[in-house]
Amino acid sequence: MNPQFYAGAYYDEISELPGGLILFLVESNRFLGSYKYRIGLDSYFPRLCGSCGEFHMNKTILVTGGAGFIGSNFVRCERLRSNRIINLDILTYAGNLLNLEQLKGDSDHIFIQGDIRDRELVRKLLKGYQPDAVVNLAAESHVDRSIDSPESFIQTNIIGTYHLMEEAREYWKSLSPERREHFRFLHVSTDEVYGSLGPQAPAFIENSPYAPNSPYSASKAASDHLVRAYFHTFGVPAIITNCSNNYGPRQFPEKLAPLIVLNAVEGKPLPIYGDGLNVRDWLHVDDHCDALHAVLEKGKPGQTYNIGGCCEKTNLETVNTLCALLDEMIPTSRHVPHCSLITFVEDRPGHDRRYAIDCSRIRSELGWRAKETFESGMRKTIQWYLDNPEWVHSIKTGAYRDWMSRQYGGAGKNEDSPQKAPGKA
Ligand code: NAD
Ligand code: TYD
């Protein structure tokens, strides 16, 4: 048995009985081997949170998009904090139940395959599970796909957020005054809504004007505005977070970091768009999840929080770092030095030059800061991809192969000349 810290003491078993009663099995004296039982009401006992060191009540959270990259990491983090998770995910190409393998058999993680646009389903889930918070991570998330085909971005990111928000509003109105006060709708968004920065411009702050440049960022911007409006007009206690580029385990390998790692391992070209000098601000996904947790617990309704790693790198620097780490981690690979696989390809249309996040607000108001450095986080990430070939195999379906060949065309070979333009067939 794994003792759990709950209500100020360690218990070997905590089980929920009907009517909100909690049964604690307490090992009161390990030396004498005597046990005693205690029954208490769950809501009377706050729990010490391992990550922020404060006492919280256990929560039920409706997470949308919880089978995707950030969602699955967030769900796992929240289960470690003993929050109950209702996970609603339609399982697009980016959603993968293997991302949730570690939660198999966990009765406090309830997975429902479904669409955030399905009002009836969302209503049933809210009514049936009575969550204390909704965390909206469901989205179409890849810029290149939004250039290829924007429709699903409008559908999920804008229309989906609208339907979810509407149902959340109805549900929130139905709660008791006390629960209404504590309810949160956390909308997870991106720094890309602010557009592109010049080389010397200061990093984005929460008041930076919105200037989205891709169909993806425009759809996220629209959803942010809706969420903001629901706070101002209806008083729904909503919070928005705008985060910089994430990397980490379980990221679909259409995004830069996993694409480079997996291509490098296989000796395939490492495609760099344009001159490779576009800048992104990198953050490990666990740090993002910690930030989301802090916002859920301590964030102010109606507020926006920027989240970032203070870690600006050109794409060339990022790819070179990944290559150098791979050289060190798999020195016997016949593809060492991996940087020889770097291939410059035609630029992404409308490619934002630079993103950088100023996260002073979340640091000063909520006490959050990133724990991983770029090097430590990237090293762990590479190790995860090397250690999980079955996951890698699982996502390399026909649909993935089709996307790769549509996007990168002949970039299956390591040629010297520029390759086909991304986003063009
Ligand atoms: P992802 O593409 O890996 O996962 C998205 C998940 O949403 C998938 O599991 C998918 O099945 C699910 N989904 C899509 N449409 C749905 C629908 N209609 N109903 C229910 N589920 C649906 O994306 P991610 O990288 O994990 O990003 C999650 C959120 O975080 C997005 O809102 C994204 O804009 C935001 N974000 C991402 C990053 C990043 O670097 N990845 C950075 C900042 C913000
Ligand atoms: P990506 O991971 O798609 O995230 P975003 O576009 O949301 O920032 O891309 C990160 C950066 O890497 C971006 O500047 C585009 C660039 N990039 C490449 O150079 N080559 C690639 O194959 C991909 C997917 C991205």
# chains A, B, ... in the order shown; residues from 1 in each chain; ligands from 1
$ residues_near_ligand --ligand "ligand 2" --cutoff "9 Å" --atoms "only C-alpha atoms and all ligand atoms" --output "ChimeraX atom specification"
/A:141-144,190,192,216-217,244-247,253-260,270-281,314-316,318-319,344-345,347-348,351-355,407-408,422
$ residues_near_ligand --ligand "ligand 1" --cutoff "7 Å" --atoms "only C-alpha atoms and all ligand atoms" --output "compact mmCIF listing (two decimals) with C-alpha atoms, in the first residue's frame"
# COMPACT_ATOMS: atom_id res chain seq x y z
CA THR A 64 -11.22 18.62 -22.63
CA GLY A 65 -8.54 17.40 -25.05
CA GLY A 66 -7.04 15.27 -22.30
CA ALA A 67 -5.75 12.62 -24.70
CA GLY A 68 -3.57 15.11 -26.57
CA PHE A 69 -0.05 16.23 -25.76
CA ILE A 70 -0.53 18.85 -23.04
CA GLY A 71 -3.90 17.43 -21.97
CA LEU A 88 -13.55 14.52 -22.78
CA ASP A 89 -11.67 14.01 -26.02
CA ILE A 90 -12.86 13.22 -29.51
CA LEU A 91 -9.59 11.44 -30.37
CA THR A 92 -8.53 13.20 -33.55
CA TYR A 93 -5.24 12.13 -35.12
CA ALA A 94 -3.55 14.03 -32.23
CA GLY A 95 -5.48 12.31 -29.44
CA ASN A 96 -4.11 8.95 -28.37
CA GLY A 114 -16.78 12.90 -27.54
CA ASP A 115 -16.86 16.32 -29.10
CA ILE A 116 -16.83 19.62 -27.21
CA ARG A 117 -19.39 20.80 -29.79
CA LEU A 137 -7.40 21.99 -23.89
CA ALA A 138 -9.35 20.54 -26.80
CA ALA A 139 -8.14 22.12 -30.00
CA GLU A 140 -6.69 21.77 -33.42
CA SER A 141 -3.18 22.88 -32.63
CA HIS A 142 -0.84 22.66 -35.61
CA THR A 156 -13.20 23.10 -32.79
CA GLY A 160 -16.35 24.21 -29.92
CA VAL A 188 -5.69 27.20 -22.37
CA SER A 189 -4.35 29.33 -25.18
CA THR A 190 -1.17 30.31 -26.95
CA ASP A 191 1.27 33.21 -27.25
CA LYS A 220 -7.36 30.69 -30.80
CA ASN A 242 -1.36 32.17 -23.11
CA CYS A 243 1.64 29.91 -23.23
CA SER A 244 4.73 29.69 -25.41
CA ASN A 245 5.93 26.61 -27.36
CA ASN A 246 5.81 23.42 -25.32
CA TYR A 247 7.95 20.33 -25.71
CA GLN A 251 3.93 15.39 -28.40
CA PHE A 252 2.69 14.43 -31.84
$ residues_around --residues "segment 363-373 of chain A" --least-positions-apart "6" --cutoff "12 Å" --atoms "only C-alpha atoms" --output "VMD selection string"
chain A and resid 51 to 54 246 to 248 281 to 300 303 to 312 379 to 381
$ write_last_selection --atoms "N, CA and C atoms" --output "short mmCIF file (atom, residue, chain, number, x, y, z; two decimals), in the first residue's frame"
data_model
loop_
_atom_site.label_atom_id
_atom_site.label_comp_id
_atom_site.auth_asym_id
_atom_site.auth_seq_id
_atom_site.Cartn_x
_atom_site.Cartn_y
_atom_site.Cartn_z
N SER A 51 2.84 19.97 -5.03
CA SER A 51 3.55 20.86 -5.95
C SER A 51 3.58 22.30 -5.47
N CYS A 52 2.50 22.78 -4.84
CA CYS A 52 2.58 24.19 -4.44
C CYS A 52 2.67 24.36 -2.92
N GLY A 53 2.62 23.24 -2.21
CA GLY A 53 2.83 23.30 -0.76
C GLY A 53 1.69 23.93 0.01
N GLU A 54 0.52 24.03 -0.64
CA GLU A 54 -0.62 24.61 0.07
C GLU A 54 -1.71 23.57 0.23
N ASN A 246 5.53 24.52 -26.25
CA ASN A 246 5.81 23.42 -25.32
C ASN A 246 6.60 22.33 -26.01
N TYR A 247 7.35 21.57 -25.22
CA TYR A 247 7.95 20.33 -25.71
C TYR A 247 7.91 19.35 -24.55
N GLY A 248 8.07 18.07 -24.87
CA GLY A 248 8.04 17.07 -23.81
C GLY A 248 7.52 15.75 -24.34
N ASP A 281 10.02 30.53 -27.87
CA ASP A 281 10.33 30.56 -26.44
C ASP A 281 9.87 29.22 -25.85
N TRP A 282 10.81 28.36 -25.48
CA TRP A 282 10.47 26.96 -25.18
C TRP A 282 10.20 26.70 -23.71
N LEU A 283 9.22 25.85 -23.47
CA LEU A 283 8.84 25.50 -22.10
C LEU A 283 8.52 24.00 -22.03
N HIS A 284 9.06 23.34 -21.00
CA HIS A 284 8.74 21.91 -20.83
C HIS A 284 7.28 21.78 -20.40
N VAL A 285 6.61 20.76 -20.95
CA VAL A 285 5.17 20.61 -20.70
C VAL A 285 4.84 20.46 -19.21
N ASP A 286 5.73 19.83 -18.43
CA ASP A 286 5.44 19.70 -16.99
C ASP A 286 5.38 21.06 -16.31
N ASP A 287 6.25 21.96 -16.76
CA ASP A 287 6.22 23.32 -16.21
C ASP A 287 4.92 24.02 -16.59
N HIS A 288 4.47 23.77 -17.82
CA HIS A 288 3.18 24.36 -18.23
C HIS A 288 2.06 23.80 -17.33
N CYS A 289 2.08 22.50 -17.10
CA CYS A 289 1.02 21.88 -16.27
C CYS A 289 1.05 22.43 -14.85
N ASP A 290 2.24 22.65 -14.31
CA ASP A 290 2.35 23.26 -12.97
C ASP A 290 1.73 24.66 -12.98
N ALA A 291 2.00 25.38 -14.06
CA ALA A 291 1.46 26.75 -14.16
C ALA A 291 -0.07 26.70 -14.22
N LEU A 292 -0.61 25.75 -15.00
CA LEU A 292 -2.07 25.64 -15.10
C LEU A 292 -2.67 25.31 -13.74
N HIS A 293 -1.97 24.46 -13.00
CA HIS A 293 -2.44 24.10 -11.66
C HIS A 293 -2.47 25.34 -10.75
N ALA A 294 -1.39 26.11 -10.82
CA ALA A 294 -1.32 27.33 -9.98
C ALA A 294 -2.45 28.29 -10.36
N VAL A 295 -2.73 28.40 -11.65
CA VAL A 295 -3.79 29.31 -12.10
C VAL A 295 -5.15 28.81 -11.62
N LEU A 296 -5.34 27.50 -11.70
CA LEU A 296 -6.62 26.94 -11.23
C LEU A 296 -6.83 27.20 -9.74
N GLU A 297 -5.76 27.05 -8.98
CA GLU A 297 -5.89 27.18 -7.53
C GLU A 297 -5.92 28.64 -7.07
N LYS A 298 -5.11 29.47 -7.72
CA LYS A 298 -4.91 30.81 -7.16
C LYS A 298 -5.20 31.95 -8.13
N GLY A 299 -5.49 31.60 -9.39
CA GLY A 299 -5.69 32.64 -10.40
C GLY A 299 -6.97 33.42 -10.16
N LYS A 300 -6.97 34.64 -10.67
CA LYS A 300 -8.10 35.54 -10.46
C LYS A 300 -9.06 35.46 -11.65
N GLN A 303 -8.90 37.19 -15.32
CA GLN A 303 -7.50 37.53 -15.56
C GLN A 303 -6.91 36.67 -16.68
N THR A 304 -5.88 37.21 -17.32
CA THR A 304 -5.09 36.44 -18.28
C THR A 304 -3.71 36.26 -17.69
N TYR A 305 -3.13 35.07 -17.88
CA TYR A 305 -1.76 34.84 -17.41
C TYR A 305 -0.90 34.36 -18.57
N ASN A 306 0.19 35.05 -18.83
CA ASN A 306 1.16 34.57 -19.81
C ASN A 306 2.08 33.54 -19.14
N ILE A 307 2.37 32.49 -19.88
CA ILE A 307 3.26 31.43 -19.34
C ILE A 307 4.36 31.20 -20.38
N GLY A 308 5.60 31.20 -19.93
CA GLY A 308 6.69 30.97 -20.89
C GLY A 308 7.93 30.52 -20.17
N GLY A 309 8.91 30.10 -20.96
CA GLY A 309 10.12 29.53 -20.38
C GLY A 309 11.26 30.52 -20.26
N CYS A 310 11.06 31.76 -20.70
CA CYS A 310 12.18 32.73 -20.78
C CYS A 310 13.34 32.05 -21.48
N CYS A 311 13.05 31.40 -22.57
CA CYS A 311 14.04 30.55 -23.21
C CYS A 311 13.92 30.70 -24.73
N GLU A 312 14.40 31.84 -25.19
CA GLU A 312 14.29 32.12 -26.63
C GLU A 312 15.42 31.43 -27.39
N ARG A 379 16.78 16.95 -22.92
CA ARG A 379 17.43 15.65 -22.69
C ARG A 379 16.40 14.62 -22.24
N LYS A 380 15.58 15.01 -21.26
CA LYS A 380 14.54 14.10 -20.76
C LYS A 380 13.56 13.72 -21.88
N THR A 381 13.25 14.72 -22.69
CA THR A 381 12.29 14.50 -23.78
C THR A 381 12.84 13.49 -24.78
#
$ closest_residue --among "A:Ser214, A:Glu78, A:Ile159, A:Asn320" --to "Asp118 of chain A" --atoms "only C-alpha atoms"
A:Ile159
$ closest_residue --among "A:Thr60, A:Asn83, A:Ser72, A:Ser107" --to "Tyr129 of chain A" --atoms "only C-alpha atoms"
A:Thr60
$ select_by_dssp --residues "segment 87-334 of chain A" --states "strand (DSSP E)" --output "tab-separated table (two decimals) with C-alpha atoms, in the first residue's frame"
chain	number	residue	atom	x	y	z
A	87	ASN	CA	-11.59	13.57	-19.65
A	88	LEU	CA	-13.55	14.52	-22.78
A	89	ASP	CA	-11.67	14.01	-26.02
A	109	HIS	CA	-9.90	9.13	-14.31
A	110	ILE	CA	-13.03	8.85	-16.42
A	111	PHE	CA	-12.45	8.99	-20.15
A	112	ILE	CA	-15.27	9.89	-22.52
A	113	GLN	CA	-14.77	9.95	-26.26
A	133	ALA	CA	-13.58	23.38	-12.87
A	134	VAL	CA	-13.46	22.99	-16.63
A	135	VAL	CA	-10.05	23.10	-18.29
A	136	ASN	CA	-10.33	23.53	-22.03
A	184	ARG	CA	-13.35	28.03	-12.67
A	185	PHE	CA	-13.33	27.82	-16.46
A	186	LEU	CA	-9.70	27.71	-17.53
A	187	HIS	CA	-9.14	28.29	-21.23
A	188	VAL	CA	-5.69	27.20	-22.37
A	189	SER	CA	-4.35	29.33	-25.18
A	190	THR	CA	-1.17	30.31	-26.95
A	238	ALA	CA	-13.11	32.27	-16.55
A	239	ILE	CA	-9.34	32.59	-16.80
A	240	ILE	CA	-7.20	32.52	-19.93
A	241	THR	CA	-3.59	31.38	-20.14
A	242	ASN	CA	-1.36	32.17	-23.11
A	243	CYS	CA	1.64	29.91	-23.23
A	245	ASN	CA	5.93	26.61	-27.36
A	246	ASN	CA	5.81	23.42	-25.32
A	247	TYR	CA	7.95	20.33	-25.71
A	270	LEU	CA	15.71	17.48	-40.47
A	271	PRO	CA	13.60	20.11	-42.25
A	272	ILE	CA	14.21	23.71	-41.22
A	273	TYR	CA	11.85	26.28	-42.65
A	279	VAL	CA	12.67	32.42	-32.64
A	280	ARG	CA	10.48	30.43	-30.26
A	281	ASP	CA	10.33	30.56	-26.44
A	282	TRP	CA	10.47	26.96	-25.18
A	283	LEU	CA	8.84	25.50	-22.10
A	284	HIS	CA	8.74	21.91	-20.83
A	304	THR	CA	-5.09	36.44	-18.28
A	305	TYR	CA	-1.76	34.84	-17.41
A	306	ASN	CA	1.16	34.57	-19.81
A	307	ILE	CA	3.26	31.43	-19.34
A	312	GLU	CA	14.29	32.12	-26.63
A	313	LYS	CA	16.04	30.04	-29.28
A	314	THR	CA	16.25	30.23	-33.03
$ residues_around --residues "Gln383 of chain A" --least-positions-apart "3" --cutoff "12 Å" --atoms "only C-alpha atoms" --output "MDAnalysis selection string"
chainID A and resid 248:250 258 261:262 265 322 325:326 328:330 376:380 386:389
$ write_last_selection --atoms "C-alpha atoms" --output "tab-separated table (two decimals), in the first residue's frame"
chain	number	residue	atom	x	y	z
A	248	GLY	CA	8.04	17.07	-23.81
A	249	PRO	CA	6.83	13.46	-23.87
A	250	ARG	CA	3.82	12.46	-26.01
A	258	PRO	CA	9.59	15.41	-31.75
A	261	VAL	CA	14.19	13.68	-32.78
A	262	LEU	CA	12.35	10.92	-34.62
A	265	VAL	CA	16.98	8.63	-35.11
A	322	LEU	CA	18.71	18.28	-30.22
A	325	LEU	CA	22.19	15.69	-27.37
A	326	LEU	CA	21.39	12.80	-29.69
A	328	GLU	CA	25.83	12.10	-26.94
A	329	MET	CA	22.88	9.84	-26.06
A	330	ILE	CA	23.17	7.43	-29.00
A	376	SER	CA	17.59	19.25	-18.98
A	377	GLY	CA	14.08	19.31	-20.46
A	378	MET	CA	15.20	18.45	-24.00
A	379	ARG	CA	17.43	15.65	-22.69
A	380	LYS	CA	14.54	14.10	-20.76
A	386	LEU	CA	14.00	6.65	-27.23
A	387	ASP	CA	12.40	4.65	-24.42
A	388	ASN	CA	8.93	4.47	-25.97
A	389	PRO	CA	9.19	2.87	-29.42
$ atom_distance --atom1 "atom CA of His232 of chain A" --atom2 "atom CA of Asp132 of chain A"
20.3 Å
$ atom_distance --atom1 "atom CA of His225 of chain A" --atom2 "atom CA of Asn157 of chain A"
11.6 Å
